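Asks: Supplied structure: final.cif, mmCIF, C-alpha atoms and all ligand atoms.
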data_work
#
loop_
_atom_site.label_atom_id
_atom_site.label_comp_id
_atom_site.auth_asym_id
_atom_site.auth_seq_id
_atom_site.Cartn_x
_atom_site.Cartn_y
_atom_site.Cartn_z
CA MET A 1 25.65 22.19 49.68
CA PRO A 2 27.59 23.65 46.73
CA ILE A 3 26.77 22.28 43.27
CA GLU A 4 29.46 22.12 40.60
CA ARG A 5 28.80 24.30 37.58
CA PHE A 6 28.83 21.37 35.14
CA GLU A 7 26.59 19.36 37.40
CA LYS A 8 24.13 22.21 37.39
CA VAL A 9 24.22 22.34 33.59
CA PHE A 10 23.51 18.63 33.36
CA ILE A 11 20.63 18.89 35.81
CA TRP A 12 19.07 21.54 33.59
CA ILE A 13 19.65 19.47 30.46
CA SER A 14 17.96 16.49 32.13
CA LEU A 15 14.95 18.57 33.12
CA LEU A 16 14.73 20.01 29.62
CA LEU A 17 14.79 16.49 28.12
CA LEU A 18 11.95 15.43 30.40
CA GLU A 19 9.93 18.38 29.15
CA VAL A 20 10.68 17.49 25.54
CA PHE A 21 9.56 13.87 26.04
CA PHE A 22 6.42 14.94 27.85
CA VAL A 23 5.48 17.30 25.02
CA ALA A 24 6.22 14.53 22.50
CA VAL A 25 3.77 12.21 24.29
CA LEU A 26 1.09 14.92 24.22
CA VAL A 27 1.69 15.63 20.53
CA VAL A 28 1.30 12.00 19.41
CA ALA A 29 -1.71 11.47 21.68
CA PHE A 30 -3.64 14.49 20.44
CA PHE A 31 -2.33 15.06 16.91
CA GLY A 32 -0.85 11.70 15.88
CA GLY A 33 -3.90 9.60 16.72
CA ILE A 34 -1.84 7.26 18.90
CA GLN A 35 -4.21 6.16 21.63
CA LEU A 36 -5.19 3.11 23.58
CA PRO A 37 -7.63 0.91 21.70
CA GLU A 38 -11.23 1.10 22.83
CA PRO A 39 -12.74 -2.03 24.34
CA GLY A 40 -15.22 -3.45 21.85
CA GLY A 41 -17.16 -5.79 24.14
CA LEU A 42 -17.23 -9.45 25.05
CA VAL A 43 -18.06 -12.45 22.92
CA ASP A 44 -18.20 -16.22 23.35
CA PRO A 45 -15.38 -17.63 21.18
CA GLN A 46 -17.32 -20.92 20.78
CA GLN A 47 -20.33 -19.08 19.37
CA LEU A 48 -18.82 -16.79 16.73
CA GLU A 49 -20.95 -18.42 13.98
CA ASN A 50 -24.08 -17.17 15.76
CA THR A 51 -22.80 -13.83 17.03
CA PRO A 52 -23.09 -10.71 14.87
CA PRO A 53 -21.01 -9.24 13.38
CA PHE A 54 -18.71 -12.27 13.45
CA ASP A 55 -21.30 -14.57 11.86
CA THR A 56 -20.57 -12.72 8.61
CA PRO A 57 -16.91 -11.65 8.71
CA GLY A 58 -15.99 -9.05 6.13
CA VAL A 59 -16.29 -5.43 5.11
CA ARG A 60 -19.48 -3.43 5.15
CA GLN A 61 -20.08 0.17 4.27
CA VAL A 62 -21.73 2.18 7.02
CA GLY A 63 -21.52 5.67 5.56
CA ASP A 64 -19.80 7.90 3.06
CA ARG A 65 -16.20 6.66 3.08
CA GLU A 66 -16.92 4.81 6.30
CA TYR A 67 -16.52 1.10 6.67
CA GLU A 68 -16.68 -1.53 9.35
CA VAL A 69 -14.75 -4.77 9.21
CA ALA A 70 -15.65 -7.80 11.31
CA MET A 71 -12.55 -9.94 11.50
CA ILE A 72 -11.72 -13.24 13.17
CA ALA A 73 -8.17 -14.19 14.06
CA GLN A 74 -7.53 -17.92 14.31
CA THR A 75 -4.60 -20.30 13.95
CA TRP A 76 -3.11 -19.21 11.57
CA GLN A 77 -5.07 -16.81 9.51
CA PHE A 78 -7.28 -13.76 9.53
CA VAL A 79 -10.84 -14.11 8.20
CA PRO A 80 -11.30 -12.28 5.87
CA ASN A 81 -7.69 -12.26 4.68
CA GLU A 82 -8.28 -9.48 2.18
CA VAL A 83 -9.97 -6.11 2.67
CA ARG A 84 -10.62 -3.53 -0.07
CA VAL A 85 -11.58 0.08 0.59
CA PRO A 86 -11.23 3.31 -1.38
CA ALA A 87 -8.62 5.87 -0.38
CA GLY A 88 -9.87 8.41 2.14
CA SER A 89 -11.85 5.79 4.06
CA THR A 90 -12.27 5.55 7.79
CA VAL A 91 -12.29 1.88 8.69
CA THR A 92 -13.29 0.51 12.08
CA PHE A 93 -12.10 -3.02 12.73
CA TYR A 94 -13.84 -5.30 15.21
CA ILE A 95 -11.49 -8.20 15.83
CA THR A 96 -11.77 -11.24 18.01
CA SER A 97 -10.01 -14.57 18.31
CA ARG A 98 -11.49 -18.01 17.87
CA ASP A 99 -8.72 -19.81 19.76
CA VAL A 100 -5.54 -18.35 21.25
CA ILE A 101 -4.12 -14.85 21.72
CA HIS A 102 -3.13 -13.24 18.42
CA GLY A 103 -1.87 -9.82 17.43
CA PHE A 104 -3.28 -7.29 14.98
CA MET A 105 -0.90 -4.74 13.57
CA ILE A 106 -0.94 -2.68 10.39
CA PRO A 107 2.47 -1.09 9.92
CA ARG A 108 2.41 2.63 8.92
CA THR A 109 -0.91 3.09 10.78
CA ASN A 110 -2.07 3.43 14.38
CA ALA A 111 -3.43 -0.16 14.41
CA ASN A 112 -1.63 -2.24 17.02
CA VAL A 113 -3.74 -4.35 19.37
CA MET A 114 -3.77 -7.76 20.98
CA VAL A 115 -6.60 -10.09 20.02
CA ILE A 116 -7.78 -12.08 23.01
CA PRO A 117 -10.39 -14.87 22.87
CA GLY A 118 -13.60 -13.66 24.47
CA GLN A 119 -12.74 -10.00 23.94
CA VAL A 120 -13.51 -7.77 20.99
CA ALA A 121 -10.80 -5.30 20.04
CA LYS A 122 -12.00 -2.16 18.26
CA VAL A 123 -9.61 -0.01 16.31
CA THR A 124 -10.29 2.78 13.82
CA VAL A 125 -7.85 3.51 11.03
CA GLN A 126 -7.87 6.33 8.50
CA PHE A 127 -6.58 5.16 5.09
CA ASP A 128 -5.68 8.21 3.02
CA GLU A 129 -2.76 6.85 1.01
CA PRO A 130 -3.67 4.34 -1.71
CA GLY A 131 -1.60 1.18 -1.70
CA GLU A 132 -1.26 -2.26 -0.29
CA TYR A 133 -1.04 -2.58 3.47
CA SER A 134 -0.05 -5.69 5.38
CA LEU A 135 -1.94 -6.76 8.43
CA ILE A 136 0.23 -8.97 10.58
CA CYS A 137 -0.09 -11.08 13.68
CA HIS A 138 2.62 -9.79 15.99
CA GLU A 139 1.90 -12.01 18.98
CA TYR A 140 3.49 -15.45 18.96
CA CYS A 141 0.61 -17.90 18.49
CA GLY A 142 2.19 -21.20 17.54
CA ILE A 143 3.98 -23.00 14.75
CA GLY A 144 2.29 -21.07 11.93
CA HIS A 145 2.63 -17.64 13.51
CA GLN A 146 5.09 -16.21 11.00
CA GLY A 147 2.72 -16.95 8.12
CA MET A 148 -0.30 -15.31 9.70
CA PHE A 149 -1.14 -12.13 7.82
CA ALA A 150 -3.78 -10.47 5.67
CA ARG A 151 -3.75 -7.69 3.10
CA ILE A 152 -5.58 -4.42 2.91
CA PHE A 153 -5.92 -2.82 -0.50
CA VAL A 154 -6.59 0.90 -0.40
CA GLU A 155 -7.66 1.73 -3.93
CA PRO A 156 -7.35 5.14 -5.57
CA ALA A 157 -10.71 6.86 -5.20
CA GLU A 158 -11.43 7.03 -8.99
CA GLN A 159 -10.81 3.30 -9.43
CA ALA A 160 -13.10 2.40 -6.57
CA GLN A 161 -15.83 4.56 -8.09
CA ALA A 162 -15.42 2.91 -11.51
CA GLN A 163 -16.16 -0.42 -9.84
CA GLY A 164 -19.48 0.99 -8.72
CA GLY A 165 -18.43 1.05 -5.09
CA GLU A 166 -18.41 -2.74 -5.06
CA GLU A 167 -17.45 -3.99 -1.62
CU1 LIG A 201 -1.54 -15.31 15.26
CU2 LIG A 201 0.82 -14.99 15.73
#
Just give me the structure of the file as C-alpha cells.
Replies:
Amino acid sequence: MPIERFEKVFIWISLLLLEVFFVAVLVVAFFGGIQLPEPGGLVDPQQLENTPPFDTPGVRQVGDREYEVAMIAQTWQFVPNEVRVPAGSTVTFYITSRDVIHGFMIPRTNANVMVIPGQVAKVTVQFDEPGEYSLICHEYCGIGHQGMFARIFVEPAEQAQAQGGEE
C-alpha cells in the first residue's frame, strides 16, 4: 500500500511527539519531584482526639531543617490553619479528614492530594523559597468549601534563627 509523502511526514511527527511527551513524563517524575503520594496509613475518624499524631495537630521539628505536620481537614477549615517553618525546610504533612472528603493543595509545590476520612495522606514538600504559601481545599466539600484554606509561612533562615527556632 503506497503512503503519501505528506502522510508519512505526519506519521513521523506524531511518533516524535509521543517520544517528547514520554520523556517529559520521565523528567518530571525523576527530576521534578512529581510523584504519587505515599499512603500514610489508616485512622478512625471518630477517634482523632486519641490517635497520635492527630491528638496534637501542629508542627514539630524532627531533625535539622526537617519538620512534620499533623493536620486535620474538617468542614470547613484546616487544623492548624497556620504553619511556620524556616526556608530550606523539608516538611512532611500527615493529613486526614474528620468528616467528608477534602482536598489538600499547595500551589507552586508538588503537594496535591485528596483527604479521605479514615485514610492518612502523606506528602513531603521542600520549601526553599521564603514567602507565604496558600494551602487550599480543592475538592468540593459543601457550602463553605471556597473559604477552606490555611497559610504556610516560610521564613527567611536568619529570621527563623533570631526567633530561637521557635516552632
Ligand atoms: Cu474542604 Cu473543599
Asks: If you take only C-alpha atoms and all ligand atoms and a cut-off of 10 Å, which residues of chain A touch ligand LIG 201 (chain A), and what are their nearest atom pairs and distances in Å to one decimal, in chain and number order, as CSV?
Replies:
residue,atom,partner,partner_atom,distance
A:Ala73,CA,A:LIG201,CU1,6.8
A:Gln74,CA,A:LIG201,CU1,6.6
A:Thr75,CA,A:LIG201,CU1,6.0
A:Trp76,CA,A:LIG201,CU1,5.6
A:Gln77,CA,A:LIG201,CU1,6.9
A:Phe78,CA,A:LIG201,CU1,8.3
A:Ser97,CA,A:LIG201,CU1,9.0
A:Asp99,CA,A:LIG201,CU1,9.6
A:Val100,CA,A:LIG201,CU1,7.8
A:Ile101,CA,A:LIG201,CU1,7.0
A:His102,CA,A:LIG201,CU1,4.1
A:Gly103,CA,A:LIG201,CU1,5.9
A:Phe104,CA,A:LIG201,CU1,8.2
A:Met114,CA,A:LIG201,CU1,9.7
A:Val115,CA,A:LIG201,CU1,8.7
A:Ile136,CA,A:LIG201,CU2,7.9
A:Cys137,CA,A:LIG201,CU2,4.5
A:His138,CA,A:LIG201,CU2,5.5
A:Glu139,CA,A:LIG201,CU2,4.5
A:Tyr140,CA,A:LIG201,CU2,4.2
A:Cys141,CA,A:LIG201,CU2,4.0
A:Gly142,CA,A:LIG201,CU2,6.6
A:Ile143,CA,A:LIG201,CU2,8.7
A:Gly144,CA,A:LIG201,CU2,7.3
A:His145,CA,A:LIG201,CU2,3.9
A:Gln146,CA,A:LIG201,CU2,6.5
A:Gly147,CA,A:LIG201,CU2,8.1
A:Met148,CA,A:LIG201,CU1,5.7
A:Phe149,CA,A:LIG201,CU1,8.1
Asks: With distances taken over all atoms listed in the file, which of A:Gly32, A:Pro39, A:Pro117, A:Pro107 is nearest to Glu132 (chain A)?
Replies: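 Ranking A:Gly32, A:Pro39, A:Pro117, A:Pro107 by distance to Glu132 (chain A), first place goes to A:Pro107.
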Asks: Hey, what's within 6 Å of region 151-155 of chain A if we count all atoms listed in the file and toss same-chain stuff fewer than 6 positions away? As a VMD selection string, please?
Replies: chain A and resid 82 to 87 130 to 135
Asks: When you draw a straight line from CA of Asn50 (chain A) to CA of Val120 (chain A), how long is it in Å?
Replies: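 The value is 15.1 Å.
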Asks: Neighbours of Glu68 (chain A) within 12 Å (only C-alpha atoms; same-chain residues fewer than 5 positions away dropped), as a ChimeraX atom specification?
Replies: /A:53-54,56-63,83-85,89-95,122-126,167
Asks: So how many Å separate CA of Trp12 (chain A) and CA of Phe30 (chain A), to one decimal?
Replies: 27.2 Å
Asks: Because some atoms of region 120-154 of chain A are absent here, can you restore N, CA and C atoms and send them as a short mmCIF file (atom, residue, chain, number, x, y, z; two decimals), in the frame of the given file?
Replies:
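Output saved as part.cif:
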data_model
loop_
_atom_site.label_atom_id
_atom_site.label_comp_id
_atom_site.auth_asym_id
_atom_site.auth_seq_id
_atom_site.Cartn_x
_atom_site.Cartn_y
_atom_site.Cartn_z
N VAL A 120 -13.49 -8.38 22.31
CA VAL A 120 -13.51 -7.77 20.99
C VAL A 120 -12.62 -6.53 21.04
N ALA A 121 -11.65 -6.49 20.14
CA ALA A 121 -10.80 -5.30 20.04
C ALA A 121 -11.38 -4.41 18.95
N LYS A 122 -11.44 -3.11 19.23
CA LYS A 122 -12.00 -2.16 18.26
C LYS A 122 -10.92 -1.14 17.95
N VAL A 123 -10.63 -0.99 16.67
CA VAL A 123 -9.61 -0.01 16.31
C VAL A 123 -10.01 0.68 15.01
N THR A 124 -9.89 2.00 14.99
CA THR A 124 -10.29 2.78 13.82
C THR A 124 -9.05 3.33 13.12
N VAL A 125 -9.01 3.10 11.81
CA VAL A 125 -7.85 3.51 11.03
C VAL A 125 -8.32 4.38 9.87
N GLN A 126 -7.60 5.45 9.63
CA GLN A 126 -7.87 6.33 8.50
C GLN A 126 -6.90 5.96 7.38
N PHE A 127 -7.44 5.54 6.22
CA PHE A 127 -6.58 5.16 5.09
C PHE A 127 -6.64 6.24 4.02
N ASP A 128 -5.68 7.15 4.02
CA ASP A 128 -5.68 8.21 3.02
C ASP A 128 -4.81 7.87 1.82
N GLU A 129 -3.71 7.16 2.08
CA GLU A 129 -2.76 6.85 1.01
C GLU A 129 -3.15 5.54 0.32
N PRO A 130 -3.39 5.59 -1.01
CA PRO A 130 -3.67 4.34 -1.71
C PRO A 130 -2.46 3.42 -1.64
N GLY A 131 -2.71 2.13 -1.71
CA GLY A 131 -1.60 1.18 -1.70
C GLY A 131 -2.00 -0.11 -1.01
N GLU A 132 -1.01 -0.98 -0.90
CA GLU A 132 -1.26 -2.26 -0.29
C GLU A 132 -0.67 -2.24 1.12
N TYR A 133 -1.49 -2.57 2.08
CA TYR A 133 -1.04 -2.58 3.47
C TYR A 133 -1.03 -4.03 3.96
N SER A 134 -0.05 -4.36 4.77
CA SER A 134 -0.05 -5.69 5.38
C SER A 134 -0.67 -5.60 6.75
N LEU A 135 -1.36 -6.66 7.09
CA LEU A 135 -1.94 -6.76 8.43
C LEU A 135 -1.27 -7.99 9.02
N ILE A 136 -0.53 -7.83 10.09
CA ILE A 136 0.23 -8.97 10.58
C ILE A 136 -0.14 -9.33 12.01
N CYS A 137 0.05 -10.61 12.32
CA CYS A 137 -0.09 -11.08 13.68
C CYS A 137 1.28 -10.88 14.34
N HIS A 138 1.33 -10.07 15.37
CA HIS A 138 2.62 -9.79 15.99
C HIS A 138 2.67 -10.30 17.43
N GLU A 139 1.90 -11.39 17.66
CA GLU A 139 1.90 -12.01 18.98
C GLU A 139 2.12 -13.49 18.72
N TYR A 140 3.17 -14.07 19.29
CA TYR A 140 3.49 -15.45 18.96
C TYR A 140 2.32 -16.37 19.30
N CYS A 141 1.83 -17.12 18.30
CA CYS A 141 0.61 -17.90 18.49
C CYS A 141 0.76 -19.35 18.06
N GLY A 142 2.00 -19.79 17.88
CA GLY A 142 2.19 -21.20 17.54
C GLY A 142 3.02 -21.38 16.29
N ILE A 143 3.04 -22.60 15.80
CA ILE A 143 3.98 -23.00 14.75
C ILE A 143 3.78 -22.21 13.46
N GLY A 144 2.54 -21.78 13.18
CA GLY A 144 2.29 -21.07 11.93
C GLY A 144 2.27 -19.56 12.07
N HIS A 145 2.72 -19.07 13.21
CA HIS A 145 2.63 -17.64 13.51
C HIS A 145 3.21 -16.75 12.42
N GLN A 146 4.41 -17.14 11.93
CA GLN A 146 5.09 -16.21 11.00
C GLN A 146 4.37 -16.10 9.67
N GLY A 147 3.44 -17.03 9.39
CA GLY A 147 2.72 -16.95 8.12
C GLY A 147 1.33 -16.35 8.27
N MET A 148 1.05 -15.80 9.45
CA MET A 148 -0.30 -15.31 9.70
C MET A 148 -0.39 -13.82 9.37
N PHE A 149 -1.02 -13.54 8.22
CA PHE A 149 -1.14 -12.13 7.82
C PHE A 149 -2.33 -11.99 6.88
N ALA A 150 -2.73 -10.77 6.65
CA ALA A 150 -3.78 -10.47 5.67
C ALA A 150 -3.35 -9.22 4.92
N ARG A 151 -4.11 -8.88 3.88
CA ARG A 151 -3.75 -7.69 3.10
C ARG A 151 -4.93 -6.73 3.04
N ILE A 152 -4.57 -5.46 3.05
CA ILE A 152 -5.58 -4.42 2.91
C ILE A 152 -5.22 -3.62 1.66
N PHE A 153 -6.16 -3.57 0.72
CA PHE A 153 -5.92 -2.82 -0.50
C PHE A 153 -6.69 -1.51 -0.42
N VAL A 154 -5.96 -0.42 -0.40
CA VAL A 154 -6.59 0.90 -0.40
C VAL A 154 -6.49 1.40 -1.83
#
